[in-house]
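Chemist: One structure coming up, written as structure tokens, with questions to follow.
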Amino acid sequence: MQEMNLININTDAFVGKVEKDLGDLGEAKLYVKEDAKPVVLPARKIPIAIQGQVKQELDKLVERGILVPVEEPTEWVNHLAVVRKSSGSLRICLDPQPLNKVLKRKRYRLTTFDDVLPNLNQAKLFTKIDVKEAFWHMRLDEESRKLTTMISPFGRFRWSRLPFGLCVSSEIFARKLNEALNGLEGIFVIADDIIVVGCVETEQSAKSDNDRKLKSLAKRCSEQNIILN
């Protein structure tokens, strides 16, 4: 098209856009009971058939800054768990059974769909949105990271982001997500899902209402560093 003089590209007018790899809803701190005794667990064996995949996943998490290699002694050493997702790929998780027993919980009540139902008397259209890598939106402070140290056949690693598996992860994330989206009309947080509801009398009007709320949600997510799937 340029050779035919149909368009002229002004390269100096481009604005660069860098896609964020991880969301950021702030820092989280883990609290353990005063009488808690640290537990050091041995590395689990990983089947030879998936050892290469596990190593690749660990390397990816280190590259993204989600995992940090550990060389110094730590009081807590947890198991590593490997979960195969429906897509066939592997997910590296923390298996913190002893740690979960001594973690203090803030007991934040998670919203259920039954809590939302009274607000849906004119609901005509629903949009369900999933937060990408939800818990990883929360950074762990330095002391909390040490608690999440886990051991593998390829060395020890600690989590710099809130890992899946902790009994407090859902409460910490849901509280922060609710705070970040507070005040948005017709938008509800259920676990790590965001529900947008078009509530008016006709279906056509409901679509416009839903679209308007989606735009306000997109703007808020951009402001609050929330990444959606």
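Residues are referred to by chain and number: the chain letter is A, B, ... according to the order shown in the structure tokens, the number counts from 1 in that chain, and ligands are numbered separately from 1 in the order shown.
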Give the alpha helix (DSSP H) residues of region 54-165 of chain A, as DSSP finds them on the backbone, and put them as a VMD selection string.
Modeler: chain A and resid 54 to 63 97 to 102 113 to 116 142 to 147
Chemist: At a cut-off of 10 Å, using only C-alpha atoms, what residues contact Asn225 (chain A)? Leave out same-chain residues fewer than 6 positions from it and give the result as a PDB file with N, CA, C and O atoms, in the first residue's frame.
Modeler:
```pdb
ATOM      1  N   LYS A  20       1.664  -5.824  30.342  1.00  0.00           N
ATOM      2  CA  LYS A  20       2.126  -6.237  31.660  1.00  0.00           C
ATOM      3  C   LYS A  20       2.032  -7.745  31.794  1.00  0.00           C
ATOM      4  O   LYS A  20       1.062  -8.361  31.384  1.00  0.00           O
ATOM      5  N   LEU A  22       2.296  -9.382  34.850  1.00  0.00           N
ATOM      6  CA  LEU A  22       1.613  -9.722  36.091  1.00  0.00           C
ATOM      7  C   LEU A  22       0.801  -8.526  36.587  1.00  0.00           C
ATOM      8  O   LEU A  22       1.238  -7.380  36.469  1.00  0.00           O
ATOM      9  N   GLY A  23      -0.367  -8.820  37.156  1.00  0.00           N
ATOM     10  CA  GLY A  23      -1.134  -7.770  37.808  1.00  0.00           C
ATOM     11  C   GLY A  23      -0.511  -7.429  39.155  1.00  0.00           C
ATOM     12  O   GLY A  23       0.385  -8.124  39.643  1.00  0.00           O
ATOM     13  N   ASP A  24      -0.991  -6.362  39.765  1.00  0.00           N
ATOM     14  CA  ASP A  24      -0.419  -5.935  41.042  1.00  0.00           C
ATOM     15  C   ASP A  24      -1.480  -5.245  41.890  1.00  0.00           C
ATOM     16  O   ASP A  24      -1.881  -4.120  41.610  1.00  0.00           O
ATOM     17  N   LEU A  25      -1.935  -5.936  42.926  1.00  0.00           N
ATOM     18  CA  LEU A  25      -2.912  -5.379  43.860  1.00  0.00           C
ATOM     19  C   LEU A  25      -2.286  -5.057  45.208  1.00  0.00           C
ATOM     20  O   LEU A  25      -2.986  -4.910  46.211  1.00  0.00           O
ATOM     21  N   GLY A  26      -0.962  -4.989  45.240  1.00  0.00           N
ATOM     22  CA  GLY A  26      -0.304  -4.625  46.491  1.00  0.00           C
ATOM     23  C   GLY A  26       0.389  -5.792  47.169  1.00  0.00           C
ATOM     24  O   GLY A  26       0.565  -6.865  46.592  1.00  0.00           O
ATOM     25  N   HIS A 137      -1.584 -11.669  41.655  1.00  0.00           N
ATOM     26  CA  HIS A 137      -1.703 -10.207  41.705  1.00  0.00           C
ATOM     27  C   HIS A 137      -1.164  -9.653  43.031  1.00  0.00           C
ATOM     28  O   HIS A 137      -0.937  -8.449  43.141  1.00  0.00           O
ATOM     29  N   ALA A 180     -10.512  -2.943  45.319  1.00  0.00           N
ATOM     30  CA  ALA A 180     -10.116  -2.301  44.068  1.00  0.00           C
ATOM     31  C   ALA A 180     -11.323  -1.962  43.195  1.00  0.00           C
ATOM     32  O   ALA A 180     -11.297  -0.970  42.457  1.00  0.00           O
TER      33      ALA A 180
END
```
Chemist: Write out as an MDAnalysis selection string the residues lying within 8 Å of region 192-203 of chain A, counting only C-alpha atoms and excluding same-chain residues fewer than 6 positions away.
Modeler: chainID A and resid 120:131 134 173:174 186 209:210 213:214
Chemist: Kindly save the residues from that selection, with N, CA and C atoms included, as a compact mmCIF listing (two decimals), in the first residue's frame.
Modeler:
```
# COMPACT_ATOMS: atom_id res chain seq x y z
N LEU A 120 -30.49 -8.69 41.72
CA LEU A 120 -30.64 -9.10 40.32
C LEU A 120 -32.09 -9.19 39.87
N ASN A 121 -32.97 -8.42 40.50
CA ASN A 121 -34.39 -8.55 40.17
C ASN A 121 -34.72 -8.08 38.76
N GLN A 122 -33.89 -7.22 38.16
CA GLN A 122 -34.11 -6.78 36.79
C GLN A 122 -32.99 -7.24 35.86
N ALA A 123 -32.25 -8.24 36.28
CA ALA A 123 -31.09 -8.70 35.49
C ALA A 123 -31.55 -9.36 34.19
N LYS A 124 -30.94 -8.94 33.08
CA LYS A 124 -31.26 -9.52 31.77
C LYS A 124 -30.02 -10.11 31.09
N LEU A 125 -28.85 -9.56 31.44
CA LEU A 125 -27.63 -9.97 30.74
C LEU A 125 -26.47 -10.06 31.74
N PHE A 126 -25.71 -11.15 31.62
CA PHE A 126 -24.58 -11.37 32.54
C PHE A 126 -23.29 -11.55 31.74
N THR A 127 -22.22 -10.96 32.24
CA THR A 127 -20.89 -11.21 31.69
C THR A 127 -20.00 -11.70 32.83
N LYS A 128 -19.38 -12.86 32.63
CA LYS A 128 -18.47 -13.40 33.64
C LYS A 128 -17.03 -13.22 33.16
N ILE A 129 -16.23 -12.59 33.98
CA ILE A 129 -14.85 -12.29 33.61
C ILE A 129 -13.91 -12.92 34.63
N ASP A 130 -12.85 -13.54 34.11
CA ASP A 130 -11.89 -14.25 34.96
C ASP A 130 -10.63 -13.40 35.12
N VAL A 131 -10.17 -13.25 36.36
CA VAL A 131 -8.92 -12.53 36.61
C VAL A 131 -7.75 -13.45 36.28
N ALA A 134 -4.99 -15.12 39.26
CA ALA A 134 -5.58 -14.25 40.28
C ALA A 134 -4.67 -13.99 41.49
N PHE A 173 -6.83 -12.40 48.53
CA PHE A 173 -7.06 -11.89 47.18
C PHE A 173 -8.45 -11.28 47.04
N ALA A 174 -9.48 -11.98 47.54
CA ALA A 174 -10.86 -11.50 47.39
C ALA A 174 -11.03 -10.14 48.07
N GLY A 186 -23.34 -2.51 39.52
CA GLY A 186 -23.67 -3.72 38.78
C GLY A 186 -22.51 -4.66 38.57
N ASP A 209 -26.59 -1.31 28.86
CA ASP A 209 -26.23 -1.16 30.27
C ASP A 209 -25.02 -2.01 30.62
N ASN A 210 -25.01 -3.23 30.11
CA ASN A 210 -23.89 -4.14 30.36
C ASN A 210 -22.60 -3.60 29.73
N LYS A 213 -21.16 -0.77 31.78
CA LYS A 213 -20.50 -1.25 33.00
C LYS A 213 -19.17 -1.94 32.68
N LEU A 214 -19.12 -2.62 31.54
CA LEU A 214 -17.87 -3.26 31.13
C LEU A 214 -16.78 -2.21 30.88
```
Chemist: Quick one: residues within 10 Å of region 144-148 of chain A, only C-alpha atoms, excluding same-chain residues fewer than 3 positions away - as a PDB file with C-alpha atoms, in the first residue's frame?
Modeler:
```pdb
ATOM      1  CA  ALA A  28       0.377  -9.342  51.406  1.00  0.00           C
ATOM      2  CA  LYS A  29       1.794 -10.591  54.689  1.00  0.00           C
ATOM      3  CA  LEU A  30       1.418 -14.068  56.178  1.00  0.00           C
ATOM      4  CA  TYR A  31       1.067 -14.507  59.941  1.00  0.00           C
ATOM      5  CA  VAL A  32       1.914 -17.697  61.859  1.00  0.00           C
ATOM      6  CA  PRO A  38       8.886 -24.799  61.604  1.00  0.00           C
ATOM      7  CA  VAL A  39       8.761 -27.938  59.464  1.00  0.00           C
ATOM      8  CA  LEU A  67       9.715 -17.903  42.050  1.00  0.00           C
ATOM      9  CA  VAL A  68      13.123 -17.008  43.521  1.00  0.00           C
ATOM     10  CA  VAL A  70      16.965 -20.154  47.515  1.00  0.00           C
ATOM     11  CA  PRO A  73      19.135 -22.176  55.069  1.00  0.00           C
ATOM     12  CA  THR A  74      15.445 -21.602  55.804  1.00  0.00           C
ATOM     13  CA  GLU A  75      13.349 -22.660  58.797  1.00  0.00           C
ATOM     14  CA  TRP A  76      10.418 -23.731  56.625  1.00  0.00           C
ATOM     15  CA  VAL A  77      10.715 -26.101  53.668  1.00  0.00           C
ATOM     16  CA  ASN A  78       7.447 -27.196  52.029  1.00  0.00           C
ATOM     17  CA  HIS A  79       6.617 -29.804  49.432  1.00  0.00           C
ATOM     18  CA  LEU A  94       3.026 -25.099  46.776  1.00  0.00           C
ATOM     19  CA  ASP A  95       1.881 -28.001  48.985  1.00  0.00           C
ATOM     20  CA  PRO A  96       1.970 -26.326  52.413  1.00  0.00           C
ATOM     21  CA  LEU A  99       2.247 -24.413  57.183  1.00  0.00           C
ATOM     22  CA  ARG A 139       3.141  -9.598  46.201  1.00  0.00           C
ATOM     23  CA  LEU A 140       4.466 -11.275  49.358  1.00  0.00           C
ATOM     24  CA  ASP A 141       6.622  -9.353  51.792  1.00  0.00           C
ATOM     25  CA  ILE A 151      11.986 -28.048  47.730  1.00  0.00           C
ATOM     26  CA  PHE A 157      12.547 -21.905  45.610  1.00  0.00           C
ATOM     27  CA  ARG A 158      10.419 -19.369  47.446  1.00  0.00           C
ATOM     28  CA  TRP A 159       7.337 -17.615  46.112  1.00  0.00           C
ATOM     29  CA  SER A 160       7.427 -13.850  45.598  1.00  0.00           C
ATOM     30  CA  ARG A 161       3.702 -13.875  44.798  1.00  0.00           C
ATOM     31  CA  LEU A 162       0.783 -15.274  46.789  1.00  0.00           C
ATOM     32  CA  PRO A 163       0.768 -18.981  45.878  1.00  0.00           C
ATOM     33  CA  LEU A 166      -2.363 -21.538  51.125  1.00  0.00           C
TER      34      LEU A 166
END
```
Chemist: DSSP on the backbone: which residues in region 18-217 of chain A end up as strand (DSSP E)? Give the answer as a ChimeraX atom specification.
Modeler: /A:27-28,67-70,78-84,90-95,123-130,139-140,150-152,155-159,187-190,193-199
Chemist: What's the 8 Å shell around Val82 (chain A), counting only C-alpha atoms, without same-chain residues fewer than 5 positions away, as a list in words?
Modeler: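 Near neighbours after the sequence-gap exclusion: Val54, Leu90, Arg91, Ile92 and Cys93 of chain A.
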Chemist: Output all heavy atoms for every residue in that selection, as a PDB file, in the first residue's frame.
Modeler:
```
ATOM      1  N   VAL A  54       8.683 -30.235  34.284  1.00  0.00           N
ATOM      2  CA  VAL A  54       8.697 -29.561  35.588  1.00  0.00           C
ATOM      3  C   VAL A  54       9.832 -28.547  35.644  1.00  0.00           C
ATOM      4  O   VAL A  54       9.662 -27.413  36.091  1.00  0.00           O
ATOM      5  CB  VAL A  54       8.822 -30.585  36.735  1.00  0.00           C
ATOM      6  CG1 VAL A  54       9.061 -29.882  38.072  1.00  0.00           C
ATOM      7  CG2 VAL A  54       7.574 -31.447  36.816  1.00  0.00           C
ATOM      8  N   LEU A  90       1.492 -28.382  32.691  1.00  0.00           N
ATOM      9  CA  LEU A  90       1.666 -28.601  34.122  1.00  0.00           C
ATOM     10  C   LEU A  90       1.583 -27.282  34.879  1.00  0.00           C
ATOM     11  O   LEU A  90       1.969 -26.229  34.380  1.00  0.00           O
ATOM     12  CB  LEU A  90       3.024 -29.261  34.401  1.00  0.00           C
ATOM     13  CG  LEU A  90       3.285 -30.613  33.750  1.00  0.00           C
ATOM     14  CD1 LEU A  90       4.658 -31.136  34.150  1.00  0.00           C
ATOM     15  CD2 LEU A  90       2.204 -31.624  34.126  1.00  0.00           C
ATOM     16  N   ARG A  91       1.083 -27.364  36.091  1.00  0.00           N
ATOM     17  CA  ARG A  91       1.084 -26.205  36.987  1.00  0.00           C
ATOM     18  C   ARG A  91       1.901 -26.555  38.224  1.00  0.00           C
ATOM     19  O   ARG A  91       1.683 -27.591  38.851  1.00  0.00           O
ATOM     20  CB  ARG A  91      -0.336 -25.816  37.396  1.00  0.00           C
ATOM     21  CG  ARG A  91      -0.381 -24.735  38.492  1.00  0.00           C
ATOM     22  CD  ARG A  91      -1.793 -24.374  38.869  1.00  0.00           C
ATOM     23  NE  ARG A  91      -2.432 -23.586  37.831  1.00  0.00           N
ATOM     24  CZ  ARG A  91      -3.734 -23.340  37.773  1.00  0.00           C
ATOM     25  NH1 ARG A  91      -4.537 -23.865  38.682  1.00  0.00           N
ATOM     26  NH2 ARG A  91      -4.229 -22.607  36.808  1.00  0.00           N
ATOM     27  N   ILE A  92       2.840 -25.684  38.562  1.00  0.00           N
ATOM     28  CA  ILE A  92       3.648 -25.861  39.757  1.00  0.00           C
ATOM     29  C   ILE A  92       2.936 -25.194  40.927  1.00  0.00           C
ATOM     30  O   ILE A  92       2.580 -24.008  40.854  1.00  0.00           O
ATOM     31  CB  ILE A  92       5.048 -25.247  39.580  1.00  0.00           C
ATOM     32  CG1 ILE A  92       5.752 -25.858  38.362  1.00  0.00           C
ATOM     33  CG2 ILE A  92       5.877 -25.429  40.833  1.00  0.00           C
ATOM     34  CD1 ILE A  92       6.003 -27.348  38.462  1.00  0.00           C
ATOM     35  N   CYS A  93       2.721 -25.934  41.997  1.00  0.00           N
ATOM     36  CA  CYS A  93       2.014 -25.403  43.162  1.00  0.00           C
ATOM     37  C   CYS A  93       2.817 -25.654  44.436  1.00  0.00           C
ATOM     38  O   CYS A  93       3.675 -26.534  44.488  1.00  0.00           O
ATOM     39  CB  CYS A  93       0.638 -26.051  43.313  1.00  0.00           C
ATOM     40  SG  CYS A  93      -0.467 -25.850  41.904  1.00  0.00           S
TER      41      CYS A  93
END
```
Chemist: Which of these residues is nearest to Glu63 (chain A), using only C-alpha atoms: A:Asn229, A:Asp21, A:Met1, A:Ser152?
Modeler: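 Result for the nearest residue to Glu63 (chain A): A:Asp21.
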Chemist: For Leu184 (chain A), which residue out of A:Ala81, A:Ala206, A:Leu217, A:Cys167 is the nearest one, using only C-alpha atoms?
Modeler: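 Among the listed residues, A:Leu217 lies closest to Leu184 (chain A).
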Chemist: What's the separation between CA of Glu223 (chain A) and CA of Ile190 (chain A), in Å to one decimal place?
Modeler: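 Interatomic distance, CA of Glu223 (chain A) to CA of Ile190 (chain A): 20.6 Å.
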Chemist: May I ask which of the residues A:Ser208, A:Gly65, A:Leu41, A:Phe188 is the closest one to Asp114 (chain A), counting only C-alpha atoms?
Modeler: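 Closest residue, counting only C-alpha atoms: A:Phe188.
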Chemist: Could you tell me how far CA of Arg220 (chain A) lies from CA of Gly183 (chain A), in Å and to one decimal?
Modeler: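 Atom-to-atom, CA of Arg220 (chain A) and CA of Gly183 (chain A) are spaced 10.3 Å apart.
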Chemist: Measure the distance from CA of Pro69 (chain A) to CA of Arg156 (chain A) in Å and round it to one decimal.
Modeler: 6.0 Å
